[in-house]
Amino acid sequence: MTVAVVVFPGTNCEHDVVRGLATAGAEAELVWHRDTDLEGAEGVVLPGGFAHGDYLRTGAIARFSPVMAEVERMANDGLPVLGICNGFQILCEAGLLPGALVANRDLKFICRPVHLEVESTDSVLTRAATRGQVLRIPLNSYEGNYVTADVDSLEGSGNVILRYSDAGGRKRPASNPNGSTNAIAGVTNDRRNVAGLMPHPERASEAILGSDDGLVLLESFVASLELVSA
Amino acid sequence: MTTTTPDHIALGMTDEEYDHVVEILGRTPMAAELAMYSVMWSEHCSYKSSRAHLGRFNSDQPWVVVGPGENAGVVDLGDGWLAALRIESHNHPSYVEPYEGAATGVGGILRDVFTMGARPIAVLDPLRFGPLDDPHNRYLFEGVVSGIAGYGNAVGVPTVGGEVEFADRFAKNPLVNVMALGILKREQLVLSAASGEGNVAILLGNATGRDGIGGASILASASFEEGDEAKRPNVQVGDPFEEKKLIEACLELYDRGLVVAIQDLGAAGISCATSEIAGNGGMGMDVDLDKVHLREHDMTPGEILMSESQERMLAIVTPENEPEVRALAERWEIEASSIGVVTRGPQLRVFSEGELVAEVPAASLADEAPLYHRPAERPASLDAVWADTPTVPEDIDVGDVLRILLDDPAIGDRSWISSQYDHMLFLNTVVEPGHDGSLLRIKDTNKGMALSTDGDALRTWLDPRRGAARIVFEAALNVAVTGARPYAVVDNLNFGNPEEPEVMWQFIEAVEGMAWACDELDVPVVGGNVSFYNQTDGVDIYPAPVVGMLGFCDPMPERPPRLDAAAAGMSIWVVGPDPEHDFAGSAYDRVVNGELRGRPADVDGDLGRRVVSAAATLAFEQPVLHDISTGGLAVALAEIAIRSGVGLHVDDLSPAQLLDETPLRFIIVGEGEELDSFAPVRKIGRIGGSDLDFGPSGSIPLDEAATIWRDAIPRRMA
Amino acid sequence: MTHRFRVSVSRKPGLSDPEGTTTLKALQDLGFTDVSHVAFGRTIDVDLEAASGDDARLALEAMCQKLLANPVIESYTIEERP
Amino acid sequence: MTHRFRVSVSRKPGLSDPEGTTTLKALQDLGFTDVSHVAFGRTIDVDLEAASGDDARLALEAMCQKLLANPVIESYTIEERP
Ligand SMILES: Nc1ncnc2c1ncn2[C@@H]1O[C@H](COP(=O)(O)OP(=O)(O)O)[C@@H](O)[C@H]1O
Ligand SMILES: [Mg+2]
């Protein structure tokens with residue numbers, strides 16, 4: 001096994017992520033949330049969906065799944081850990097990433113392509129991208145509105161990696177789809193090996209789907225596996 | 001003096017129906033039995049007013065694997081792939097509680113599809129509401145859309161299309177139909193016929209509560225009125241999380257060959273599911289209600305039998321496989337209880353606390369249901385309506401007309417709806433909602449499936465036969481412009497009160513028109529649903545048959561046409577007949593003049609076939625194909641220009657020609673000057689500039705048109 | 001004068017409460033096995049200007065009926081906040 | 001003995017509360033122009049067996065810390081229900 005893709009009850013993007021990772025050059029395998037051994041994995045992805053129905057609070061119940069101890073271990077070992085959408089919400093709940101995600105500004109589910117500007121290439125998710133690069137990637141969430149108690153220190157830490165923008169990279173109120181604080185779309189941890197984002201790179205991994213801009217993110221992640229294991 | 005209503009009348013049964021029950025049983029029915037017959041013989045479950053006419057639909061094409069009658073229709077896509085499809089209505093529940101009504105509608109239709117062994121991969125939602133200037137209509141619209149989003153997104157099935165109409169007669173009777181599509185490999189197909197004496201019936205999923213017991217009929221029953229009325233909500237709350245687990249668990253059961261048969265629980269809950277699955281297999285069943293896992297503990301046997309709690313399935317498994325099935329359920333974190341045993345039959349026997357509470361021939365609940373030939377009569381008032389032919393003045397400015405039409409919420413941008421739905425999950429969606437048909441690929445094959453739902457209630461009211469035929473051709477054209485050929489139809493027949501001869505006439509005419517059109521196109525009808533009694537305060541809805549069309553292509557176009565692919569310098573052609581001054585029920589007459597009158601033009605089946613075929617062929621060659629429907633050529637051209645962000649010039653067409661809604665026409669935008677097609681084609685203009693420029697017939701700046709179109713729904717819902 | 005209220009909205013009894021059921025199970029899985037029932041509701045804190053407490057309460061009633069609660073499936077209570 | 005509690009969870013002040021903001025605007029649009037502030041919260045009613053009220057409260061605290069509230073963005077109060 002190279003990448004473990006975790007399936008919680010209610011997860012639904014697991015097969016899409018496996019396919020996206022394959023396009024980016026990595027083999028991936030599904031693991032059930034009750035599994036407690038990810039020994040063979042060089043990296044782990046928490047895909048999108050509605051783990052435990054998103055009941056109580058998005059990600060709140062999933063973070064206690066048995067598999068999360070392994071995810072934490074891998075994060076502490078410096079292995080690449082990625083959360084997409086619901087996976088991002090779970091990593092935040094688990095305290096592996098800063099902040100939290102609340103309901104979209106307009107209280108509506110949003111499913112459409114948005115633009116993201118790469119703010120930092122210092123993370124497992126963005127290392128193969130270029131700073132300032134604008135990507136067109138679908139967003140698909142109700143609770144995608146990023147909040148954090150101390151945004152200044154987050155900004156100062158260099159842990160913001162992706163920000164919503166327009167096609168030209170400008171940040172205007174209208175280009176922030178969900179009201180996220182400072183238009184933050186993706187963040188990393190201090191060690192830069194854990195990353196999370198709300199948009200779905202796997203949905204932009206083949207031209208026939210309308211965009212393959214997400215590939216550079218998935219390829220970054222795959223390249224990180226090799227770097228760590230090298 | 002006090003009078004008491006006999007039980008069967010309170011349950012909505014006629015005296016004749018009651019006598020028939022007595023005859024079947026050879027005795028007076030017990031309370032639970034009467035409840036079972038009353039629900040199973042209700043219009044909703046038995047199709048007693050419509051069945052006599054549904055035989056008009058044909059499903060005899062070689063690619064049909066399962067026709068009408070099962071939970072979903074199934075067609076063959078080649079190389080071992082099958083598609084399962086079905087459509088259902090959830091009209092009344094959505095009026096009572098729009099969010100939960102629509103949500104549970106999605107849940108129900110998905111169960112019909114995965115009951116067949118298929119993984120559900122797409123939902124579509126044909127909707128009808130009253131006009132959006134009324135706050136209550138806005139509340140219903142908003143609630144229904146978020147209910148579909150809330151359930152569909154969370155259960156993890158993309159909603160890839162649908163349609164919406166707004167008209168006064170839907171204000172107190174909104175229509176919420178839901179269609180679902182699933183795919184499966186041939187060896188995964190499961191049917192709902194129990195076999196094997198001694199096999200076990202396992203109830204999977206949600207606990208049984210007092211939800212929606214018997215819908216309207218049982219609610220009125222005195223015999224089950226032991227508790228407080230308030231304890232018996234007729235609103236069901238959907239749980240997409242439970243359904244998601246149920247889907248995964250069932251698909252794994254099929255994969256591992258662990259079920260003999262399976263049936264979802266819908267109307268009339270356990271009583272319907274047990275009798276159908278046993279009856280279908282010519283078997284009987286002994287059911288023990290004490291084994292049913294309950295949400296509330298003081299439920300009567302009748303309540304348990306009739307409860308319509310959501311997210312439940314009934315699987316028939318061999319005793320040897322029972323432990324494995326239970327283990328699998330536990331792994332997926334769903335509850336399972338073995339509630340019955342298949343018997344040699346034919347009796348369905350239901351026990352509660354050791355007592356026999358019902359014993360009926362299993363098949364009789366379905367097979368012996370009443371069948372009515374209700375009187376039908378054409379409304380005489382139609383003569384006057386038909387005689388009043390709409391006309392279009394020569395001197396109108398099409399730019400001004402577009403300012404009105406593009407602002408109509410059924411014509412303007414509907415992404416306010418579709419962007420609330422996950423329409424991308426599973427990485428199949430190649431042409432997303434917002435075009436004519438949506439196109440899904442089947443991954444790792446060259447095959448594609450196109451989907452479109454269409455209805456046209458106002459035109460159908462003007463002429464039910466022509467109106468219904470036209471929606472079939474429109475749906476066919478919608479899938480054809482993506483490169484797919486019409487392959488299978490499901491229909492949802494939403495009508496008023498069938499006891500009124502005029503409604504029955506509308507129904508029969510519409511079935512005739514729809515069936516004829518399907519025959520002309522050689523497309524089989526593999527399933528459907530009838531929703532009668534859409535009548536409030538004595539007002540019937542406009543007759544609203546809806547078609548759900550599956551198109552199929554193998555291979556799929558490498559670059560399927562899109563509305564946003566037009567570029568400056570390209571030519572514009574129209575394929576199909578010349579306009580015939582078809583304004584009855586047109587957007588121009590309805591929206592601009594505020595009239596509903598005249599008689600819509602008929603369709604020529606032969607020409608229809610040629611046009612559809614031409615579209616499916618040209619879709620492999622041309623960047624933009626778009627069918628011409630509501631609002632005619634003018635609106636269709638505006639949609640292409642707005643979506644592509646570039647203007648266009650059309651020189652010699654009169655306002656009437658631009659607004660005409662003659663069916664069976666589509667637009668092509670492409671490179672070059674010449675276009676070959678085996679249907680009539682003519683060049684009408686070219687792409688370029690920053691206006692929608694119709695020459696002497698008028699113009700409007702593209703930016704202005706785009707803003708009006710984009711704001712049509714949001715400005716009303718803000 | 002500003003009046004401060006809390007509206008508490010809960011689902012009518014008999015309706016299923018998937019959130020409550022799921023959270024109950026999660027608590028039990030976490031070892032809180034003595035928990036027997038969990039039910040969800042929401043609160044809406046509303047501050048408003050009104051001449052008197054009675055006026056404020058009347059307005060609140062109207063807001064609940066119109067927007068804050070869904071009378072088909074929910075019931076609500078209104079109380080003053082400190 | 002069964003103890004019945006209500007946990008009320010609210011967003012920490014200063015963090016965005018889209019439900020509150022949107023509802024405030026909706027109320028004003030409906031003509032309730034005297035409303036100046038709206039904030040949303042969640043209630044979770046929990047019934048549990050415990051030897052004493054103090055034991056129950058301790059268990060409730062632990063549930064809140066672990067699962068029922070997210071300390072990064074939320075605060076909570078616990079009170080007994082009648
Ligand atoms: N209720 C809805 N849900 C999802 N998509 C919708 C809905 N209503 C309209 N759409 C989408 O908007 C597009 C245009 O719809 P419509 O005008 O009805 O198409 P046509 O006239 O070609 O049949 C289609 O892609 C359709 O799927
Ligand atoms: Mg169309």
# chains A, B, ... in the order shown; residues from 1 in each chain; ligands from 1
$ residues_near_ligand --ligand "ligand 2" --cutoff "9 Å" --atoms "only C-alpha atoms and all ligand atoms" --output "tab-separated table (two decimals) with N, CA, C and O atoms, in the first residue's frame"
chain	number	residue	atom	x	y	z
B	435	HIS	N	-27.12	22.64	-19.54
B	435	HIS	CA	-27.17	22.46	-21.00
B	435	HIS	C	-28.53	21.83	-21.30
B	435	HIS	O	-29.45	21.97	-20.51
B	436	ASP	N	-28.66	21.12	-22.41
B	436	ASP	CA	-29.95	20.50	-22.70
B	436	ASP	C	-30.11	19.21	-21.91
B	436	ASP	O	-30.90	19.13	-20.98
B	437	GLY	N	-29.33	18.21	-22.29
B	437	GLY	CA	-29.30	16.99	-21.49
B	437	GLY	C	-27.98	16.97	-20.74
B	437	GLY	O	-27.02	17.65	-21.13
B	452	SER	N	-32.36	13.55	-19.44
B	452	SER	CA	-33.13	14.78	-19.45
B	452	SER	C	-34.52	14.50	-18.90
B	452	SER	O	-35.09	13.44	-19.16
B	454	ASP	N	-38.40	16.22	-18.83
B	454	ASP	CA	-39.15	17.29	-19.48
B	454	ASP	C	-40.64	17.15	-19.20
B	454	ASP	O	-41.19	16.06	-19.15
B	474	GLU	N	-39.12	16.44	-27.17
B	474	GLU	CA	-38.17	17.40	-26.64
B	474	GLU	C	-37.09	16.69	-25.81
B	474	GLU	O	-35.90	16.99	-25.92
B	475	ALA	N	-37.52	15.74	-25.00
B	475	ALA	CA	-36.55	15.00	-24.18
B	475	ALA	C	-35.59	14.24	-25.08
B	475	ALA	O	-34.38	14.18	-24.81
B	477	LEU	N	-34.67	15.03	-28.07
B	477	LEU	CA	-33.74	15.97	-28.67
B	477	LEU	C	-32.71	16.45	-27.64
B	477	LEU	O	-31.54	16.65	-27.95
B	478	ASN	N	-33.14	16.62	-26.41
B	478	ASN	CA	-32.22	17.04	-25.35
B	478	ASN	C	-31.09	16.04	-25.14
B	478	ASN	O	-29.96	16.42	-24.87
B	479	VAL	N	-31.40	14.76	-25.24
B	479	VAL	CA	-30.30	13.80	-25.09
B	479	VAL	C	-29.52	13.67	-26.40
B	479	VAL	O	-28.31	13.47	-26.39
B	481	VAL	N	-28.70	15.97	-28.56
B	481	VAL	CA	-27.69	17.02	-28.79
B	481	VAL	C	-26.41	16.78	-27.99
B	481	VAL	O	-25.43	17.49	-28.18
B	626	HIS	N	-27.98	22.98	-29.69
B	626	HIS	CA	-28.92	23.39	-28.65
B	626	HIS	C	-30.33	23.27	-29.19
B	626	HIS	O	-30.63	23.80	-30.25
B	627	ASP	N	-31.19	22.57	-28.46
B	627	ASP	CA	-32.54	22.43	-28.98
B	627	ASP	C	-33.33	23.71	-28.74
B	627	ASP	O	-33.03	24.50	-27.85
B	628	ILE	N	-34.33	23.92	-29.58
B	628	ILE	CA	-35.13	25.14	-29.50
B	628	ILE	C	-36.42	24.78	-28.80
B	628	ILE	O	-37.18	23.96	-29.28
B	629	SER	N	-36.63	25.37	-27.61
B	629	SER	CA	-37.89	25.06	-26.92
B	629	SER	C	-38.49	26.36	-26.39
B	629	SER	O	-38.79	27.25	-27.18
B	630	THR	N	-38.67	26.47	-25.09
B	630	THR	CA	-39.33	27.63	-24.51
B	630	THR	C	-38.69	28.95	-24.97
B	630	THR	O	-37.50	29.15	-24.80
B	636	ALA	N	-33.10	30.57	-27.27
B	636	ALA	CA	-32.05	29.56	-27.46
B	636	ALA	C	-30.74	30.23	-27.88
B	636	ALA	O	-29.66	29.89	-27.39
B	666	PHE	N	-33.33	22.38	-33.80
B	666	PHE	CA	-32.20	22.70	-32.95
B	666	PHE	C	-31.21	23.59	-33.68
B	666	PHE	O	-31.23	23.69	-34.91
$ residues_around --residues "B:Val523" --least-positions-apart "5" --cutoff "6 Å" --atoms "only C-alpha atoms" --output "MDAnalysis selection string"
chainID B and resid 487:488 518
$ write_last_selection --atoms "C-alpha atoms" --output "mmCIF file, in the first residue's frame"
data_model
loop_
_atom_site.group_PDB
_atom_site.id
_atom_site.type_symbol
_atom_site.label_atom_id
_atom_site.label_comp_id
_atom_site.auth_asym_id
_atom_site.auth_seq_id
_atom_site.Cartn_x
_atom_site.Cartn_y
_atom_site.Cartn_z
ATOM 1 C CA TYR B 487 -32.814 4.550 -25.209
ATOM 2 C CA ALA B 488 -35.412 4.282 -22.448
ATOM 3 C CA CYS B 518 -42.223 6.747 -27.746
#
$ residues_around --residues "B:Leu85" --least-positions-apart "6" --cutoff "7 Å" --atoms "only C-alpha atoms" --output "PyMOL selection string"
chain B and resi 72-74+113+180-182
$ write_last_selection --atoms "N, CA and C atoms" --output "mmCIF file, in the first residue's frame"
data_model
loop_
_atom_site.group_PDB
_atom_site.id
_atom_site.type_symbol
_atom_site.label_atom_id
_atom_site.label_comp_id
_atom_site.auth_asym_id
_atom_site.auth_seq_id
_atom_site.Cartn_x
_atom_site.Cartn_y
_atom_site.Cartn_z
ATOM 1 N N ALA B 72 -37.629 -0.994 -10.544
ATOM 2 C CA ALA B 72 -37.077 -0.085 -11.540
ATOM 3 C C ALA B 72 -36.957 -0.826 -12.857
ATOM 4 N N GLY B 73 -36.967 -0.075 -13.958
ATOM 5 C CA GLY B 73 -36.742 -0.672 -15.265
ATOM 6 C C GLY B 73 -35.242 -0.868 -15.468
ATOM 7 N N VAL B 74 -34.878 -1.866 -16.276
ATOM 8 C CA VAL B 74 -33.459 -2.136 -16.493
ATOM 9 C C VAL B 74 -33.214 -2.329 -17.984
ATOM 10 N N VAL B 113 -33.959 1.923 -6.893
ATOM 11 C CA VAL B 113 -32.886 1.613 -7.827
ATOM 12 C C VAL B 113 -31.876 0.631 -7.224
ATOM 13 N N ALA B 180 -34.206 8.550 -10.641
ATOM 14 C CA ALA B 180 -32.874 8.059 -10.292
ATOM 15 C C ALA B 180 -32.397 7.051 -11.326
ATOM 16 N N LEU B 181 -31.092 7.040 -11.500
ATOM 17 C CA LEU B 181 -30.449 6.120 -12.435
ATOM 18 C C LEU B 181 -29.352 5.368 -11.684
ATOM 19 N N GLY B 182 -29.274 4.078 -11.942
ATOM 20 C CA GLY B 182 -28.181 3.306 -11.345
ATOM 21 C C GLY B 182 -27.527 2.456 -12.408
#
$ interface_residues --of "chain C" --to "chain A" --cutoff "7 Å" --atoms "only C-alpha atoms" --output "list in words"
Glu19, Thr23 and Ala26 of chain C
$ residues_around --residues "stretch 59-70 of chain C" --least-positions-apart "2" --cutoff "10 Å" --atoms "only C-alpha atoms" --output "ChimeraX atom specification"
/B:97 /C:5-11,42-44,46-48,50,53-57,72-79 /D:23,26-27,30-32,34-35
$ interface_residues --of "chain B" --to "chain A" --cutoff "8 Å" --atoms "only C-alpha atoms" --output "PyMOL selection string"
chain B and resi 146+149+154-156+240-241+244-245+332+418-430+559
$ write_last_selection --atoms "C-alpha atoms" --output "PDB file, in the first residue's frame"
ATOM      1  CA  SER B 146     -32.615  22.437  -0.091  1.00  0.00           C
ATOM      2  CA  ALA B 149     -29.685  19.012  -1.825  1.00  0.00           C
ATOM      3  CA  ALA B 154     -25.284  13.665   1.960  1.00  0.00           C
ATOM      4  CA  VAL B 155     -26.337  10.272   0.674  1.00  0.00           C
ATOM      5  CA  GLY B 156     -23.655  10.663  -1.955  1.00  0.00           C
ATOM      6  CA  PRO B 240     -29.428  10.225   4.378  1.00  0.00           C
ATOM      7  CA  PHE B 241     -26.668   8.833   6.565  1.00  0.00           C
ATOM      8  CA  LYS B 244     -25.881   5.716   2.617  1.00  0.00           C
ATOM      9  CA  LYS B 245     -24.939   2.863   4.945  1.00  0.00           C
ATOM     10  CA  TRP B 332     -21.867  -1.272   8.132  1.00  0.00           C
ATOM     11  CA  SER B 418     -28.293  23.088  -9.689  1.00  0.00           C
ATOM     12  CA  SER B 419     -25.338  24.653  -7.884  1.00  0.00           C
ATOM     13  CA  GLN B 420     -26.923  23.594  -4.592  1.00  0.00           C
ATOM     14  CA  TYR B 421     -26.656  20.006  -5.752  1.00  0.00           C
ATOM     15  CA  ASP B 422     -23.503  17.971  -5.872  1.00  0.00           C
ATOM     16  CA  HIS B 423     -23.619  17.150  -9.575  1.00  0.00           C
ATOM     17  CA  MET B 424     -20.027  15.977  -9.961  1.00  0.00           C
ATOM     18  CA  LEU B 425     -19.562  13.094  -7.550  1.00  0.00           C
ATOM     19  CA  PHE B 426     -18.162   9.848  -9.033  1.00  0.00           C
ATOM     20  CA  LEU B 427     -16.307  11.787 -11.759  1.00  0.00           C
ATOM     21  CA  ASN B 428     -18.857  10.789 -14.390  1.00  0.00           C
ATOM     22  CA  THR B 429     -20.375  14.160 -15.243  1.00  0.00           C
ATOM     23  CA  VAL B 430     -19.062  15.269 -18.626  1.00  0.00           C
ATOM     24  CA  ARG B 559     -15.802  16.584 -27.164  1.00  0.00           C
TER      25      ARG B 559
END
$ closest_residue --among "B:Pro68, B:Gly209, B:Gly105, B:Pro6" --to "chain C" --atoms "only C-alpha atoms"
B:Gly209
$ select_by_dssp --residues "stretch 41-125 of chain A" --states "strand (DSSP E or B)" --output "list in words"
Gly43, Val44, Val45, Leu46, Gly49, Val81, Leu82, Gly83, Ile84, Ala100, Leu101, Val102, Ile110, Cys111, Arg112, Pro113, Val114, His115, Leu116, Glu117 and Val118 of chain A
$ write_last_selection --atoms "C-alpha atoms" --output "PDB file, in the first residue's frame"
ATOM      1  CA  GLY A  43       0.743   8.749   3.269  1.00  0.00           C
ATOM      2  CA  VAL A  44      -2.937   9.064   4.080  1.00  0.00           C
ATOM      3  CA  VAL A  45      -5.873  10.951   2.568  1.00  0.00           C
ATOM      4  CA  LEU A  46      -9.174  11.710   4.293  1.00  0.00           C
ATOM      5  CA  GLY A  49     -18.329  13.122   2.018  1.00  0.00           C
ATOM      6  CA  VAL A  81      -1.483  13.656   5.464  1.00  0.00           C
ATOM      7  CA  LEU A  82      -4.197  15.301   3.365  1.00  0.00           C
ATOM      8  CA  GLY A  83      -7.808  16.153   4.122  1.00  0.00           C
ATOM      9  CA  ILE A  84     -10.149  17.128   1.292  1.00  0.00           C
ATOM     10  CA  ALA A 100     -12.700  25.118  11.954  1.00  0.00           C
ATOM     11  CA  LEU A 101     -15.311  25.135   9.194  1.00  0.00           C
ATOM     12  CA  VAL A 102     -18.781  26.544   9.637  1.00  0.00           C
ATOM     13  CA  ILE A 110     -22.230  25.327  -3.100  1.00  0.00           C
ATOM     14  CA  CYS A 111     -21.258  23.024  -5.941  1.00  0.00           C
ATOM     15  CA  ARG A 112     -19.347  24.817  -8.666  1.00  0.00           C
ATOM     16  CA  PRO A 113     -15.810  25.439  -9.878  1.00  0.00           C
ATOM     17  CA  VAL A 114     -13.981  28.236  -8.049  1.00  0.00           C
ATOM     18  CA  HIS A 115     -10.581  29.825  -8.500  1.00  0.00           C
ATOM     19  CA  LEU A 116      -7.786  29.385  -5.983  1.00  0.00           C
ATOM     20  CA  GLU A 117      -4.479  31.132  -5.792  1.00  0.00           C
ATOM     21  CA  VAL A 118      -1.482  29.203  -4.551  1.00  0.00           C
TER      22      VAL A 118
END
$ interface_residues --of "chain B" --to "chain C" --cutoff "12 Å" --atoms "only C-alpha atoms" --output "number ranges by chain"
B: 93-101, 135-136, 139, 143, 206-213, 227-243, 294-299, 308-311, 333-334
$ residues_around --residues "B:Pro655" --least-positions-apart "2" --cutoff "8 Å" --atoms "only C-alpha atoms" --output "list in words"
Val392, Glu394, Asp395, Ile396, Asp397, Val398, Leu653, Gln657, Leu658, Leu659 and Ser697 of chain B
$ write_last_selection --atoms "all heavy atoms" --output "short mmCIF file (atom, residue, chain, number, x, y, z; two decimals), in the first residue's frame"
data_model
loop_
_atom_site.label_atom_id
_atom_site.label_comp_id
_atom_site.auth_asym_id
_atom_site.auth_seq_id
_atom_site.Cartn_x
_atom_site.Cartn_y
_atom_site.Cartn_z
N VAL B 392 -48.63 37.40 -33.27
CA VAL B 392 -47.48 38.21 -32.87
C VAL B 392 -47.41 39.43 -33.78
O VAL B 392 -47.34 39.27 -35.00
CB VAL B 392 -46.18 37.41 -33.00
CG1 VAL B 392 -45.00 38.23 -32.53
CG2 VAL B 392 -46.29 36.12 -32.21
N GLU B 394 -46.05 42.46 -35.98
CA GLU B 394 -44.84 42.54 -36.81
C GLU B 394 -43.81 43.52 -36.24
O GLU B 394 -42.62 43.37 -36.47
CB GLU B 394 -45.22 43.01 -38.23
CG GLU B 394 -45.65 41.88 -39.14
CD GLU B 394 -44.64 40.74 -39.19
OE1 GLU B 394 -43.46 41.01 -39.47
OE2 GLU B 394 -45.03 39.57 -38.93
N ASP B 395 -44.31 44.52 -35.47
CA ASP B 395 -43.40 45.63 -35.14
C ASP B 395 -42.79 45.53 -33.75
O ASP B 395 -42.27 46.52 -33.24
CB ASP B 395 -44.17 46.95 -35.28
CG ASP B 395 -45.39 46.98 -34.38
OD1 ASP B 395 -45.72 45.91 -33.81
OD2 ASP B 395 -46.01 48.05 -34.23
N ILE B 396 -42.85 44.34 -33.10
CA ILE B 396 -42.23 44.30 -31.77
C ILE B 396 -40.72 44.21 -31.90
O ILE B 396 -40.18 43.74 -32.91
CB ILE B 396 -42.74 43.11 -30.94
CG1 ILE B 396 -42.67 41.82 -31.77
CG2 ILE B 396 -44.14 43.38 -30.43
CD1 ILE B 396 -42.94 40.58 -30.94
N ASP B 397 -40.03 44.64 -30.84
CA ASP B 397 -38.57 44.59 -30.79
C ASP B 397 -38.17 43.34 -29.99
O ASP B 397 -38.49 43.22 -28.81
CB ASP B 397 -38.05 45.86 -30.10
CG ASP B 397 -36.53 45.90 -30.06
OD1 ASP B 397 -35.90 44.84 -29.80
OD2 ASP B 397 -35.97 47.00 -30.27
N VAL B 398 -37.51 42.41 -30.64
CA VAL B 398 -37.17 41.15 -29.98
C VAL B 398 -36.25 41.38 -28.78
O VAL B 398 -36.28 40.65 -27.79
CB VAL B 398 -36.55 40.16 -31.00
CG1 VAL B 398 -35.98 38.93 -30.30
CG2 VAL B 398 -37.61 39.73 -32.00
N LEU B 653 -34.68 37.21 -39.98
CA LEU B 653 -35.83 36.53 -39.38
C LEU B 653 -36.75 37.56 -38.73
O LEU B 653 -36.30 38.48 -38.07
CB LEU B 653 -35.37 35.50 -38.35
CG LEU B 653 -34.54 34.34 -38.94
CD1 LEU B 653 -34.09 33.38 -37.84
CD2 LEU B 653 -35.33 33.56 -39.99
N GLN B 657 -40.83 34.72 -36.35
CA GLN B 657 -39.98 33.54 -36.59
C GLN B 657 -39.01 33.31 -35.44
O GLN B 657 -38.66 32.18 -35.13
CB GLN B 657 -39.20 33.72 -37.90
CG GLN B 657 -40.08 33.59 -39.13
CD GLN B 657 -39.32 33.96 -40.39
OE1 GLN B 657 -38.63 34.99 -40.43
NE2 GLN B 657 -39.45 33.14 -41.41
N LEU B 658 -38.60 34.40 -34.82
CA LEU B 658 -37.63 34.27 -33.73
C LEU B 658 -38.26 33.76 -32.44
O LEU B 658 -37.58 33.20 -31.58
CB LEU B 658 -36.95 35.62 -33.46
CG LEU B 658 -35.91 36.01 -34.52
CD1 LEU B 658 -35.62 37.51 -34.47
CD2 LEU B 658 -34.62 35.20 -34.31
N LEU B 659 -39.57 33.98 -32.29
CA LEU B 659 -40.22 33.62 -31.02
C LEU B 659 -41.09 32.37 -31.12
O LEU B 659 -41.59 31.87 -30.12
CB LEU B 659 -41.06 34.81 -30.53
CG LEU B 659 -40.21 36.04 -30.19
CD1 LEU B 659 -41.07 37.30 -30.06
CD2 LEU B 659 -39.41 35.80 -28.90
N SER B 697 -35.28 43.14 -36.62
CA SER B 697 -36.21 42.66 -35.60
C SER B 697 -35.83 43.08 -34.19
O SER B 697 -36.56 42.78 -33.24
CB SER B 697 -36.31 41.13 -35.66
OG SER B 697 -36.88 40.73 -36.87
#
$ residues_around --residues "stretch 179-190 of chain A" --least-positions-apart "2" --cutoff "7 Å" --atoms "only C-alpha atoms" --output "ChimeraX atom specification"
/A:97,104-105,123,145-147,159-164,176-177,192-198
$ select_by_dssp --residues "stretch 6-225 of chain A" --states "alpha helix (DSSP H)" --output "PyMOL selection string"
chain A and resi 14-23+67-76+86-93+151-157+215-225
